[in-house]
Every structure is written in C-alpha cells, then in structure tokens.
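Student: upload-v4.txt is the file, holding compact mmCIF, C-alpha atoms (C1' of nucleotides):
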# COMPACT_ATOMS: atom_id res chain seq x y z
CA MET A 1 -60.30 25.77 -20.87
CA ARG A 2 -61.39 26.98 -24.26
CA ALA A 3 -61.21 24.18 -26.74
CA PRO A 4 -58.73 24.83 -29.55
CA ARG A 5 -60.69 25.63 -32.71
CA ALA A 6 -59.07 22.75 -34.48
CA ASN A 7 -55.67 21.53 -33.46
CA SER A 8 -53.93 24.87 -33.81
CA ARG A 9 -50.44 23.50 -33.41
CA GLU A 10 -50.86 21.03 -36.25
CA LYS A 11 -52.44 23.63 -38.48
CA ILE A 12 -49.62 26.06 -37.82
CA LEU A 13 -46.94 23.46 -38.49
CA ALA A 14 -48.60 22.50 -41.75
CA ALA A 15 -49.00 26.14 -42.72
CA ALA A 16 -45.33 26.80 -42.06
CA ALA A 17 -44.33 23.92 -44.31
CA ASP A 18 -46.70 25.21 -47.01
CA VAL A 19 -45.38 28.74 -46.87
CA ALA A 20 -41.77 27.59 -47.05
CA ARG A 21 -42.56 25.40 -50.04
CA GLU A 22 -44.61 27.91 -51.97
CA ALA A 23 -43.11 31.28 -51.11
CA GLY A 24 -39.59 30.04 -50.59
CA PRO A 25 -37.67 29.37 -47.39
CA GLY A 26 -36.62 32.99 -47.17
CA SER A 27 -40.21 34.16 -46.92
CA LEU A 28 -41.12 32.13 -43.89
CA SER A 29 -42.18 34.95 -41.59
CA LEU A 30 -44.39 34.60 -38.56
CA GLU A 31 -47.06 36.78 -40.13
CA ALA A 32 -47.12 34.73 -43.29
CA VAL A 33 -47.43 31.49 -41.34
CA ALA A 34 -50.14 32.86 -39.07
CA SER A 35 -52.16 34.19 -41.98
CA ARG A 36 -51.80 30.92 -43.86
CA ALA A 37 -52.88 28.94 -40.80
CA GLY A 38 -55.95 31.10 -40.36
CA VAL A 39 -54.64 32.30 -37.03
CA SER A 40 -53.51 35.67 -35.76
CA LYS A 41 -49.94 36.47 -34.96
CA GLY A 42 -50.80 36.50 -31.28
CA GLY A 43 -52.30 33.07 -31.62
CA LEU A 44 -49.21 31.74 -33.29
CA LEU A 45 -46.94 33.25 -30.66
CA TYR A 46 -49.16 31.71 -28.01
CA ASN A 47 -48.53 28.22 -29.39
CA PHE A 48 -44.89 28.81 -30.33
CA PRO A 49 -43.48 31.60 -28.17
CA THR A 50 -40.55 32.01 -30.52
CA LYS A 51 -39.65 31.45 -34.12
CA ALA A 52 -36.98 29.04 -32.96
CA LYS A 53 -39.62 27.04 -31.10
CA LEU A 54 -41.65 26.86 -34.26
CA MET A 55 -38.67 25.49 -36.14
CA GLN A 56 -38.05 23.01 -33.39
CA GLY A 57 -41.67 21.94 -33.66
CA LEU A 58 -41.24 21.38 -37.38
CA VAL A 59 -38.15 19.26 -36.83
CA GLU A 60 -39.80 17.16 -34.13
CA SER A 61 -42.99 16.58 -36.04
CA TYR A 62 -40.98 15.68 -39.14
CA LEU A 63 -38.88 13.16 -37.26
CA ARG A 64 -41.91 11.71 -35.51
CA ASP A 65 -43.76 11.22 -38.79
CA PHE A 66 -40.73 9.73 -40.40
CA GLN A 67 -40.20 7.24 -37.64
CA LYS A 68 -43.86 6.29 -37.64
CA ALA A 69 -43.86 5.74 -41.41
CA LEU A 70 -40.70 3.68 -41.18
CA GLU A 71 -42.07 1.50 -38.41
CA ALA A 72 -45.27 0.96 -40.33
CA ARG A 73 -43.33 -0.09 -43.41
CA THR A 74 -41.04 -2.47 -41.59
CA ALA A 75 -43.97 -3.98 -39.73
CA GLU A 76 -46.22 -4.57 -42.72
CA SER A 77 -43.51 -6.28 -44.71
CA GLY A 78 -41.96 -8.20 -41.85
CA HIS A 79 -40.13 -10.74 -43.94
CA GLU A 80 -38.08 -8.15 -45.77
CA SER A 81 -35.02 -6.43 -44.46
CA ALA A 82 -35.37 -3.08 -42.76
CA LEU A 83 -33.09 -1.64 -45.43
CA SER A 84 -35.50 -2.65 -48.18
CA ALA A 85 -38.35 -1.07 -46.30
CA TYR A 86 -36.34 2.11 -45.92
CA ILE A 87 -35.51 2.14 -49.62
CA LYS A 88 -39.13 1.73 -50.62
CA LEU A 89 -40.36 4.32 -48.17
CA SER A 90 -37.84 6.84 -49.41
CA ALA A 91 -38.63 6.06 -53.02
CA ASP A 92 -42.30 6.76 -52.36
CA ASP A 93 -41.53 9.93 -50.43
CA CYS A 94 -39.41 11.25 -53.24
CA GLU A 95 -41.91 10.49 -55.95
CA ARG A 96 -44.06 13.36 -54.80
CA PRO A 97 -42.99 16.18 -57.08
CA LYS A 98 -43.11 18.83 -54.38
CA PRO A 99 -40.36 18.81 -51.79
CA SER A 100 -42.13 18.56 -48.47
CA ALA A 101 -39.39 19.93 -46.30
CA SER A 102 -38.09 23.22 -47.70
CA TRP A 103 -38.68 24.57 -44.24
CA ILE A 104 -35.41 22.88 -43.35
CA PHE A 105 -33.61 25.67 -45.16
CA SER A 106 -35.38 28.24 -43.03
CA ALA A 107 -34.44 26.31 -39.92
CA ILE A 108 -30.80 26.21 -40.96
CA ALA A 109 -30.81 29.93 -41.62
CA GLU A 110 -32.31 30.49 -38.18
CA ASP A 111 -29.73 28.28 -36.52
CA PRO A 112 -27.67 25.46 -38.05
CA ASP A 113 -27.96 23.52 -34.81
CA PHE A 114 -31.49 22.53 -35.75
CA LEU A 115 -29.85 19.88 -37.86
CA THR A 116 -28.42 18.12 -34.83
CA PRO A 117 -31.50 15.99 -34.02
CA ILE A 118 -31.85 15.06 -37.68
CA LYS A 119 -28.21 14.09 -37.81
CA ALA A 120 -28.65 12.00 -34.68
CA PHE A 121 -31.71 10.33 -36.13
CA LYS A 122 -29.90 9.34 -39.30
CA HIS A 123 -26.92 8.09 -37.40
CA GLN A 124 -29.16 5.95 -35.25
CA LEU A 125 -30.94 4.63 -38.32
CA LEU A 126 -27.68 3.69 -39.96
CA GLU A 127 -26.56 1.90 -36.82
CA ARG A 128 -29.77 -0.10 -36.76
CA LEU A 129 -29.31 -1.07 -40.38
CA LYS A 130 -25.71 -2.09 -39.74
CA GLU A 131 -26.79 -4.65 -37.18
CA GLU A 132 -28.91 -6.29 -39.79
CA THR A 133 -26.55 -6.56 -42.73
CA SER A 134 -23.47 -8.57 -43.36
CA ASP A 135 -22.12 -6.50 -46.24
CA LEU A 136 -21.29 -3.05 -44.92
CA GLY A 137 -20.19 -1.77 -48.32
CA SER A 138 -23.54 -2.49 -49.95
CA LEU A 139 -25.36 -0.96 -47.02
CA LEU A 140 -23.37 2.24 -47.27
CA VAL A 141 -23.94 2.51 -50.99
CA CYS A 142 -27.69 2.08 -50.53
CA PHE A 143 -27.86 4.43 -47.59
CA LEU A 144 -25.97 7.17 -49.37
CA ALA A 145 -27.90 6.72 -52.59
CA ILE A 146 -31.11 7.21 -50.67
CA GLU A 147 -29.60 10.25 -49.06
CA GLY A 148 -28.88 11.50 -52.55
CA LEU A 149 -32.43 10.84 -53.62
CA ARG A 150 -33.79 12.75 -50.65
CA SER A 151 -31.38 15.59 -51.23
CA MET A 152 -32.44 15.93 -54.85
CA ASN A 153 -36.06 15.96 -53.82
CA LEU A 154 -35.34 18.57 -51.20
CA PHE A 155 -33.54 20.78 -53.69
CA ASP A 156 -36.37 20.19 -56.15
CA SER A 157 -33.89 18.83 -58.68
CA ASP A 158 -35.77 16.27 -60.70
CA VAL A 159 -32.72 15.23 -62.65
CA LEU A 160 -34.02 11.68 -62.97
CA SER A 161 -36.83 10.63 -65.27
CA GLU A 162 -39.55 8.38 -63.93
CA ASP A 163 -38.04 5.34 -65.60
CA GLU A 164 -34.64 6.13 -64.20
CA HIS A 165 -36.15 6.53 -60.78
CA LYS A 166 -37.66 3.06 -61.00
CA LEU A 167 -34.48 1.56 -62.33
CA LEU A 168 -32.53 3.11 -59.49
CA VAL A 169 -34.87 1.73 -56.86
CA ALA A 170 -34.74 -1.70 -58.46
CA SER A 171 -30.95 -1.60 -58.53
CA LEU A 172 -30.79 -0.57 -54.90
CA LEU A 173 -33.15 -3.34 -53.82
CA LYS A 174 -31.00 -5.78 -55.70
CA ILE A 175 -27.86 -4.54 -53.98
CA ALA A 176 -29.62 -4.62 -50.63
CA GLY A 177 -30.45 -8.24 -51.28
CA MET B 178 -8.01 53.88 -64.72
CA ARG B 179 -7.22 53.00 -61.13
CA ALA B 180 -6.04 49.43 -60.82
CA PRO B 181 -8.09 47.21 -58.47
CA ARG B 182 -6.13 46.79 -55.22
CA ALA B 183 -6.25 43.04 -55.56
CA ASN B 184 -9.06 41.32 -57.38
CA SER B 185 -11.87 42.64 -55.23
CA ARG B 186 -14.49 40.42 -56.77
CA GLU B 187 -12.61 37.27 -55.87
CA LYS B 188 -11.93 38.51 -52.38
CA ILE B 189 -15.58 39.34 -51.84
CA LEU B 190 -16.75 35.97 -53.15
CA ALA B 191 -14.34 34.15 -50.87
CA ALA B 192 -15.38 36.30 -47.93
CA ALA B 193 -19.05 35.55 -48.56
CA ALA B 194 -18.35 31.81 -48.52
CA ASP B 195 -16.36 32.19 -45.31
CA VAL B 196 -19.05 34.18 -43.55
CA ALA B 197 -21.76 31.73 -44.53
CA ARG B 198 -19.68 28.83 -43.28
CA GLU B 199 -18.59 30.38 -40.02
CA ALA B 200 -21.49 32.58 -38.95
CA GLY B 201 -24.22 30.49 -40.55
CA PRO B 202 -26.15 31.02 -43.76
CA GLY B 203 -28.65 33.24 -41.97
CA SER B 204 -25.97 35.73 -41.03
CA LEU B 205 -24.76 36.44 -44.51
CA SER B 206 -25.34 40.19 -44.59
CA LEU B 207 -23.68 42.59 -46.96
CA GLU B 208 -21.96 44.39 -44.11
CA ALA B 209 -20.54 41.15 -42.74
CA VAL B 210 -19.24 40.14 -46.16
CA ALA B 211 -17.79 43.57 -46.85
CA SER B 212 -16.04 43.72 -43.51
CA ARG B 213 -14.67 40.22 -43.94
CA ALA B 214 -13.39 41.06 -47.40
CA GLY B 215 -11.66 44.19 -46.13
CA VAL B 216 -13.91 46.34 -48.26
CA SER B 217 -16.56 48.88 -47.44
CA LYS B 218 -20.21 48.28 -48.05
CA GLY B 219 -20.12 50.80 -50.87
CA GLY B 220 -17.21 48.93 -52.42
CA LEU B 221 -19.13 45.68 -52.27
CA LEU B 222 -22.20 47.25 -53.82
CA TYR B 223 -19.96 48.65 -56.52
CA ASN B 224 -18.83 45.16 -57.53
CA PHE B 225 -22.17 43.45 -56.91
CA PRO B 226 -24.96 46.01 -57.22
CA THR B 227 -27.39 43.67 -55.47
CA LYS B 228 -27.36 40.84 -53.01
CA ALA B 229 -28.88 38.64 -55.68
CA LYS B 230 -25.98 39.47 -57.98
CA LEU B 231 -23.58 38.42 -55.27
CA MET B 232 -25.35 35.08 -54.93
CA GLN B 233 -25.28 34.66 -58.67
CA GLY B 234 -21.56 35.34 -58.59
CA LEU B 235 -21.12 32.63 -55.98
CA VAL B 236 -23.06 30.11 -58.04
CA GLU B 237 -21.13 30.88 -61.20
CA SER B 238 -17.76 30.76 -59.56
CA TYR B 239 -18.68 27.50 -57.83
CA LEU B 240 -19.76 25.88 -61.07
CA ARG B 241 -16.71 27.18 -62.92
CA ASP B 242 -14.35 25.76 -60.29
CA PHE B 243 -16.19 22.48 -60.21
CA GLN B 244 -16.01 22.06 -63.95
CA LYS B 245 -12.36 22.95 -64.00
CA ALA B 246 -11.56 20.44 -61.25
CA LEU B 247 -13.54 17.75 -63.02
CA GLU B 248 -11.80 18.36 -66.33
CA ALA B 249 -8.42 18.28 -64.64
CA ARG B 250 -9.26 14.96 -62.99
CA THR B 251 -10.56 13.31 -66.12
CA ALA B 252 -7.58 14.55 -68.10
CA GLU B 253 -4.86 13.42 -65.71
CA SER B 254 -6.29 9.92 -65.43
CA GLY B 255 -7.24 9.49 -69.05
CA HIS B 256 -7.50 5.72 -69.06
CA GLU B 257 -10.17 5.64 -66.36
CA SER B 258 -13.82 6.31 -66.86
CA ALA B 259 -15.19 9.78 -66.26
CA LEU B 260 -17.45 8.30 -63.60
CA SER B 261 -14.46 7.06 -61.61
CA ALA B 262 -12.86 10.47 -61.87
CA TYR B 263 -16.06 12.06 -60.64
CA ILE B 264 -16.28 9.65 -57.72
CA LYS B 265 -12.71 10.33 -56.67
CA LEU B 266 -13.07 14.06 -57.01
CA SER B 267 -16.21 14.07 -54.91
CA ALA B 268 -14.66 11.81 -52.31
CA ASP B 269 -11.79 14.24 -51.95
CA ASP B 270 -14.09 17.25 -51.84
CA CYS B 271 -16.14 15.67 -49.09
CA GLU B 272 -13.18 14.67 -46.99
CA ARG B 273 -12.63 18.28 -46.01
CA PRO B 274 -14.46 18.54 -42.70
CA LYS B 275 -15.86 21.99 -43.39
CA PRO B 276 -18.67 22.25 -45.89
CA SER B 277 -17.44 24.67 -48.51
CA ALA B 278 -20.80 25.72 -49.84
CA SER B 279 -23.12 26.68 -46.99
CA TRP B 280 -23.71 29.85 -48.93
CA ILE B 281 -26.06 27.76 -51.05
CA PHE B 282 -28.57 27.95 -48.23
CA SER B 283 -28.38 31.72 -48.25
CA ALA B 284 -28.87 31.72 -51.99
CA ILE B 285 -31.94 29.50 -51.72
CA ALA B 286 -33.39 31.75 -49.05
CA GLU B 287 -32.81 34.73 -51.31
CA ASP B 288 -34.42 33.01 -54.28
CA PRO B 289 -34.86 29.27 -54.91
CA ASP B 290 -34.26 29.86 -58.62
CA PHE B 291 -30.56 30.14 -57.94
CA LEU B 292 -30.61 26.36 -57.96
CA THR B 293 -31.57 26.24 -61.63
CA PRO B 294 -28.05 26.54 -63.05
CA ILE B 295 -26.78 23.96 -60.59
CA LYS B 296 -29.60 21.63 -61.54
CA ALA B 297 -28.79 22.12 -65.21
CA PHE B 298 -25.11 21.45 -64.56
CA LYS B 299 -25.85 18.18 -62.80
CA HIS B 300 -28.26 17.09 -65.47
CA GLN B 301 -25.66 17.76 -68.12
CA LEU B 302 -23.05 15.86 -66.12
CA LEU B 303 -25.34 12.87 -65.80
CA GLU B 304 -26.03 12.90 -69.51
CA ARG B 305 -22.31 12.90 -70.25
CA LEU B 306 -21.79 9.95 -67.94
CA LYS B 307 -24.66 8.07 -69.52
CA GLU B 308 -22.99 8.18 -72.92
CA GLU B 309 -20.01 6.44 -71.43
CA THR B 310 -21.58 3.59 -69.53
CA SER B 311 -23.38 0.48 -70.58
CA ASP B 312 -25.07 -0.25 -67.25
CA LEU B 313 -27.45 2.57 -66.47
CA GLY B 314 -28.51 1.08 -63.14
CA SER B 315 -24.97 1.08 -61.76
CA LEU B 316 -24.40 4.58 -63.01
CA LEU B 317 -27.51 5.85 -61.27
CA VAL B 318 -26.58 4.18 -58.02
CA CYS B 319 -23.13 5.72 -58.10
CA PHE B 320 -24.38 9.13 -59.14
CA LEU B 321 -26.98 9.25 -56.41
CA ALA B 322 -24.61 7.93 -53.78
CA ILE B 323 -22.21 10.74 -54.62
CA GLU B 324 -25.09 13.15 -54.41
CA GLY B 325 -25.77 11.77 -50.97
CA LEU B 326 -22.16 12.18 -49.98
CA ARG B 327 -22.17 15.79 -51.11
CA SER B 328 -25.44 16.45 -49.37
CA MET B 329 -24.13 15.08 -46.09
CA ASN B 330 -21.04 17.23 -46.40
CA LEU B 331 -23.17 20.26 -47.15
CA PHE B 332 -25.34 19.65 -44.12
CA ASP B 333 -22.22 19.03 -42.06
CA SER B 334 -23.52 15.59 -41.13
CA ASP B 335 -20.48 13.44 -40.68
CA VAL B 336 -22.50 10.28 -40.13
CA LEU B 337 -19.78 8.15 -41.70
CA SER B 338 -16.50 7.32 -40.04
CA GLU B 339 -13.30 7.65 -42.01
CA ASP B 340 -13.12 3.91 -42.59
CA GLU B 341 -16.70 3.81 -43.77
CA HIS B 342 -15.99 6.68 -46.10
CA LYS B 343 -13.12 4.75 -47.66
CA LEU B 344 -15.16 1.58 -47.88
CA LEU B 345 -17.96 3.45 -49.58
CA VAL B 346 -15.65 4.96 -52.17
CA ALA B 347 -14.09 1.58 -52.83
CA SER B 348 -17.51 -0.01 -53.26
CA LEU B 349 -18.59 2.72 -55.63
CA LEU B 350 -15.46 2.38 -57.75
CA LYS B 351 -16.08 -1.34 -57.91
CA ILE B 352 -19.65 -0.82 -59.05
CA ALA B 353 -18.53 1.79 -61.57
CA GLY B 354 -16.15 -0.81 -62.98
C1' DC C 355 5.61 70.75 -66.62
C1' DT C 356 1.24 72.14 -65.01
C1' DT C 357 -3.48 72.65 -64.63
C1' DA C 358 -8.00 71.28 -65.61
C1' DC C 359 -11.09 67.64 -66.65
C1' DT C 360 -12.87 62.72 -66.85
C1' DG C 361 -13.99 58.18 -65.50
C1' DT C 362 -13.05 54.37 -62.30
C1' DA C 363 -12.80 52.35 -57.81
C1' DC C 364 -14.19 52.71 -53.36
C1' DC C 365 -16.11 54.78 -48.86
C1' DG C 366 -19.61 55.06 -45.13
C1' DG C 367 -23.71 57.41 -43.26
C1' DC C 368 -28.60 57.18 -44.02
C1' DT C 369 -33.31 55.51 -44.69
C1' DG C 370 -37.26 52.94 -45.59
C1' DG C 371 -39.19 48.70 -45.01
C1' DA C 372 -39.59 44.11 -43.10
C1' DC C 373 -39.73 41.21 -39.33
C1' DG C 374 -39.55 39.13 -34.54
C1' DG C 375 -41.48 39.71 -30.32
C1' DT C 376 -44.50 42.45 -26.68
C1' DC C 377 -48.66 44.34 -24.87
C1' DT C 378 -53.24 45.65 -24.44
C1' DT C 379 -57.69 44.52 -25.43
C1' DG C 380 -61.05 41.47 -26.49
C1' DT C 381 -63.82 36.78 -26.43
C1' DC C 382 -65.85 32.63 -25.02
C1' DA C 383 -66.33 28.33 -22.31
C1' DA C 384 -66.96 26.71 -17.72
C1' DT D 385 -66.73 36.04 -13.14
C1' DT D 386 -62.71 34.15 -14.36
C1' DG D 387 -59.05 32.52 -16.85
C1' DA D 388 -57.38 30.27 -21.07
C1' DC D 389 -56.58 31.84 -25.25
C1' DA D 390 -56.92 34.86 -29.64
C1' DA D 391 -56.38 39.37 -31.98
C1' DG D 392 -53.54 42.79 -34.09
C1' DA D 393 -51.50 47.42 -33.18
C1' DC D 394 -47.06 48.64 -31.81
C1' DC D 395 -41.94 48.85 -30.95
C1' DG D 396 -37.05 48.06 -31.59
C1' DT D 397 -33.73 46.04 -34.51
C1' DC D 398 -31.57 44.75 -38.51
C1' DC D 399 -30.43 45.14 -43.15
C1' DA D 400 -30.49 46.02 -48.37
C1' DG D 401 -29.87 49.46 -51.24
C1' DC D 402 -29.01 54.57 -52.13
C1' DC D 403 -26.30 58.58 -52.39
C1' DG D 404 -23.13 62.22 -51.82
C1' DG D 405 -18.48 62.13 -51.16
C1' DT D 406 -13.02 60.97 -51.82
C1' DA D 407 -8.84 59.32 -54.10
C1' DC D 408 -6.45 58.54 -57.92
C1' DA D 409 -5.00 57.32 -62.88
C1' DG D 410 -5.09 58.80 -67.31
C1' DT D 411 -5.56 62.57 -70.95
C1' DA D 412 -4.97 66.83 -72.92
C1' DA D 413 -4.67 71.60 -73.58
C1' DG D 414 -1.67 75.67 -72.56
Would you mind writing the structure in this file as structure tokens?
Tutor:
Amino acid sequence: MRAPRANSREKILAAAADVAREAGPGSLSLEAVASRAGVSKGGLLYNFPTKAKLMQGLVESYLRDFQKALEARTAESGHESALSAYIKLSADDCERPKPSASWIFSAIAEDPDFLTPIKAFKHQLLERLKEETSDLGSLLVCFLAIEGLRSMNLFDSDVLSEDEHKLLVASLLKIAG
Amino acid sequence: MRAPRANSREKILAAAADVAREAGPGSLSLEAVASRAGVSKGGLLYNFPTKAKLMQGLVESYLRDFQKALEARTAESGHESALSAYIKLSADDCERPKPSASWIFSAIAEDPDFLTPIKAFKHQLLERLKEETSDLGSLLVCFLAIEGLRSMNLFDSDVLSEDEHKLLVASLLKIAG
DNA sequence: CTTACTGTACCGGCTGGACGGTCTTGTCAA
DNA sequence: TTGACAAGACCGTCCAGCCGGTACAGTAAG
C-alpha cells in the first residue's frame, strides 16, 4: 500500500474549511478544495467519493474536535462545573476573529439534514448539563447565550467589543455559579 | 401604464422565502422562485435584474418588517423597557416551528457581504438598548441569549421543549428587570 | 372614434459557463 | 508485476442571465 503523502484526509478537510472561510461558502467546489489541499480532483474523489461525503467528514471531524476540547477542559478544571468549562471553551473559541466553520453553510446548502448530528450533539450536551445543575432557568440562559455567541462568530458579526465580550463571559460565569 | 397584476415584487419575495424554507437554501433557483410566485423567469428578472438583487430585496424587506414589528411592540407596551419588548417579540417569532429566514443561507452563499446590513442593524439595536439600561452585563446576557434563540430557530434546532422555552423567556425577563 | 405610436410589464427559449462525478492513464511502493 | 492510489481530461446537468417576442394602457394626431 502506498503511504499517503501526508494525511490526505486531514489536509482535504482543512482545505475545505479554509476555502469556505476565505472564498465564501458558495465557492466551495471540489476543484477549489483539491487545489487548495495540494491534491488533484481524482485524489479528492478517492478520499471522499462524493461532495456529500466530504461534508459529512467535515461535520464528524468538527464534532470530534469539539468533544475532545470539551473533555479536556472539563478534565483539567475538575472542581468546576461542566457548564463553566463549556462557557470558557466557547468564549475562547469565539475570540478568534475568523469564523472557523463557514463550511456549515455549504453543508446546509448541500442538504439541510447535515445539521441533524450537530443538533443531536447539542441536545445531548444540554441534557448532560441539566443533570448537573439545580437551577434550570440559569442553565438555559447560559446555554442560549453561548449559542448566541457562537452564532455571531459564525456569521462573522463582531457586534461586541472586547470589553463587552469579557463582561459577558464574567456575567455568564456568575449566573452559572 | 399597465397596472401590476398584484404586487409582483412582494409575491416574488414571499415565494423566494417559501422555496428556501421548503426545498432547502441550496435549491433556491430563479426558475423555482418564478414558478412558485406564478411568474415567468423573464418576469422575475424584470423585477430583480439579478439574483443578487433578489437577495438584497429579501434582506431589506426582512429588516423593514423586523423594525416595524419592534416599533409596534415597544409602542403598545410603552411602560416596559425596550429590551423586554425585544425579548417578547423574539420569543414569539421563534415559537413558529418553521424558520422564516432560511433564505439567509442562500444569500450568504451568494455573497457573505449580504450580512453587513443585518450586522449593522443588530449593532444599532444593541446601542439603543444600551442607552436604556444601567446594567450592561445583564443586557449582554439577554441580547446574546435572544441571538441564540434566533439562531436555533434559523437552524431549525428545536433543542428546547415548550416548557423550557417559556422558562427561558421568564428568566430573561427577570434578568432584564 | 380610430389609427398609429410609445413605454411598461411580462413571457419563455436559449446559451455559455460552472460544477459534480466518471474514466483512462499514469506512478510508485512492496 | 501488481495493486493502491493520484492525476486531470472529459461528460452531462443545472442554472443565471440574455434576448427577441407579446399584451396592453395611455396619448395623440387625423
């Protein structure tokens, strides 16, 4: 078996995310991704036989990374609540000026059902957080506010200043207790 | 001058929103919109000479309606804060099971810059709310939570049950004071 | 009143280009 | 030599935008 030059799959996934971010979600074509990944179209289609499979790969890798990051956070600050860890993780994620997941828009355009696993993931996360908190109202407020933060980052709407961002996070942590 | 059969522009705009919602944002083609609006492709192109112009029309009409609804809310409940009115309006908007604005995804795919006016609108709204509140932290939490609510509705992610939705709104109104 | 002309609103076939996916032809490690 | 894998020319489809029509209201001259 010929060894993959580097890990082609990873490179392609990263390239796809880059293209979507830089050229816009509407310009995410197989050729563009292949060229960006330093791979031919044939090579891309070998790894992902279909555009839909590529999208699926993006979703799965995104969810895997997210889960890993969340577990790492909750583990390293074991005395805190999982909600606090989630808040901090999200705050860090959204501080990066560039939205890292514009490819989601391409996936939705391809087929709205690509959202299903993400939906399921979030639902599961919320359920886990529920088990841990006594005050459901506060939890919901925090959860939705984080969702808002992520949404703004995704839409590249930096409506909040840096100070406001910090104040928000502090307020959320206070509510979370 | 021949009178327009009905207001074609409005019909076309509504049809575009319908198509995006029902067939998915990736299937928003001019032909589909024209057919849905009971208009020929030529007729559509007469009213909106370009797909981009159609998207722009959607954005403008969306923002106009939103502003109107917000003004109506704040006027009819004059003793409350504008933030409370905004919360209630958004809660109502997001109770409708069908996301009303999936066309936004089509617009982003066409050109991410279509978000600019929406961004500006939200920024302006936040500024207006700031002038009215003493506690910036609470305002930010509420504002972002609403953003999260709207985002979930947009992505058709009904992670919250009806009871949770109500609890959330109640909690937000309490925070808003 | 009638005929000729003008501008508006709309129709639908056509085309050029872009894009997803296939196929043939390499290439290199084992 | 063989077989896993890459390359990129090629094909069919879809779609935005163009263009040559059609219908009809108003205007105006005869």
Student: With distances taken over all atoms listed in the file, which residue among B:Leu326, B:Val336, B:Cys271, B:Leu221 lies nearest Thr116 of chain A?
Tutor: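 Using all atoms listed in the file, Thr116 of chain A sits closest to B:Val336.
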Student: I'd like the neighbourhood of segment 30-40 of chain A as an mmCIF file with C-alpha atoms (C1' of nucleotides), in the coordinates of the input, where a residue qualifies if any of its atoms comes within 9 Å (using all atoms listed in the file), though same-chain residues fewer than 5 positions away should be ignored.
Tutor:
data_model
loop_
_atom_site.group_PDB
_atom_site.id
_atom_site.type_symbol
_atom_site.label_atom_id
_atom_site.label_comp_id
_atom_site.auth_asym_id
_atom_site.auth_seq_id
_atom_site.Cartn_x
_atom_site.Cartn_y
_atom_site.Cartn_z
ATOM 1 C CA SER A 8 -53.930 24.870 -33.810
ATOM 2 C CA LYS A 11 -52.440 23.630 -38.480
ATOM 3 C CA ILE A 12 -49.620 26.060 -37.820
ATOM 4 C CA LEU A 13 -46.940 23.460 -38.490
ATOM 5 C CA ALA A 14 -48.600 22.500 -41.750
ATOM 6 C CA ALA A 15 -49.000 26.140 -42.720
ATOM 7 C CA ALA A 16 -45.330 26.800 -42.060
ATOM 8 C CA ALA A 17 -44.330 23.920 -44.310
ATOM 9 C CA ASP A 18 -46.700 25.210 -47.010
ATOM 10 C CA VAL A 19 -45.380 28.740 -46.870
ATOM 11 C CA ALA A 20 -41.770 27.590 -47.050
ATOM 12 C CA LEU A 45 -46.940 33.250 -30.660
ATOM 13 C CA LYS A 51 -39.650 31.450 -34.120
ATOM 14 C "C1'" DC C 373 -39.730 41.210 -39.330
ATOM 15 C "C1'" DG C 374 -39.550 39.130 -34.540
ATOM 16 C "C1'" DA D 390 -56.920 34.860 -29.640
ATOM 17 C "C1'" DA D 391 -56.380 39.370 -31.980
ATOM 18 C "C1'" DG D 392 -53.540 42.790 -34.090
#
Student: Using only C-alpha atoms (C1' of nucleotides) and a distance of at most 9 Å, pull out the residues of chain C that contact chain B, as a list in words.
Tutor: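 Matching residues, ligands excluded from the count: DG361, DT362, DA363, DC364, DC365 and DG366 of chain C.
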Student: May I have the residues within 10 Å of segment 135-140 of chain A as a PyMOL selection string, using all atoms listed in the file and disregarding those fewer than 3 positions away in the same chain?
Tutor: (chain A and resi 83+126+129-132+143-146+172+174-177) or (chain B and resi 322+337+341-349)
Student: Between atom CA of Glu187 of chain B and atom CA of Ala229 of chain B, measure the distance and give it in Å to one decimal.
Tutor: 16.3 Å
Student: Mind giving me the straight-line distance from atom CA of Leu154 of chain A to atom CA of Phe105 of chain A in Å, one decimal?
Tutor: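 Atom CA of Leu154 of chain A sits 9.5 Å away from atom CA of Phe105 of chain A.
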Student: Define the interface residues of chain D facing chain B as those within 12 Å, counting all atoms listed in the file, and report them as an MDAnalysis selection string.
Tutor: chainID D and resid 398:405 407:411
Student: Under the rule that only C-alpha atoms are counted, which of A:Glu147, A:Asp156, A:Asp65, A:Asp92 is the nearest residue to Lys119 of chain A?
Tutor: A:Glu147
Student: Dump chain C with C-alpha atoms (C1' of nucleotides) to a file, as a CSV table (one decimal), in the first residue's frame.
Tutor:
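In the end it all went to selection_35.csv:
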chain,number,residue,atom,x,y,z
C,355,DC,C1',-63.9,57.4,-33.0
C,356,DT,C1',-59.9,55.4,-35.0
C,357,DT,C1',-55.3,54.6,-36.1
C,358,DA,C1',-50.6,54.9,-35.1
C,359,DC,C1',-47.1,55.2,-31.7
C,360,DT,C1',-44.8,54.7,-27.0
C,361,DG,C1',-43.4,52.7,-22.8
C,362,DT,C1',-44.4,49.3,-19.2
C,363,DA,C1',-45.0,44.7,-17.6
C,364,DC,C1',-44.2,40.1,-18.5
C,365,DC,C1',-43.0,35.7,-21.2
C,366,DG,C1',-40.1,31.6,-22.2
C,367,DG,C1',-36.5,29.6,-25.2
C,368,DC,C1',-31.5,29.8,-25.4
C,369,DT,C1',-26.6,29.7,-24.2
C,370,DG,C1',-22.4,29.9,-22.0
C,371,DG,C1',-20.1,28.7,-18.1
C,372,DA,C1',-19.5,26.2,-13.8
C,373,DC,C1',-19.6,22.2,-11.3
C,374,DG,C1',-20.1,17.3,-9.7
C,375,DG,C1',-18.8,12.9,-10.8
C,376,DT,C1',-16.5,9.3,-14.2
C,377,DC,C1',-12.8,7.2,-16.7
C,378,DT,C1',-8.5,6.4,-18.6
C,379,DT,C1',-3.9,6.8,-17.8
C,380,DG,C1',-0.1,7.1,-15.1
C,381,DT,C1',3.1,6.3,-10.8
C,382,DC,C1',5.3,4.2,-7.0
C,383,DA,C1',5.9,1.0,-3.1
C,384,DA,C1',6.1,-3.8,-2.0
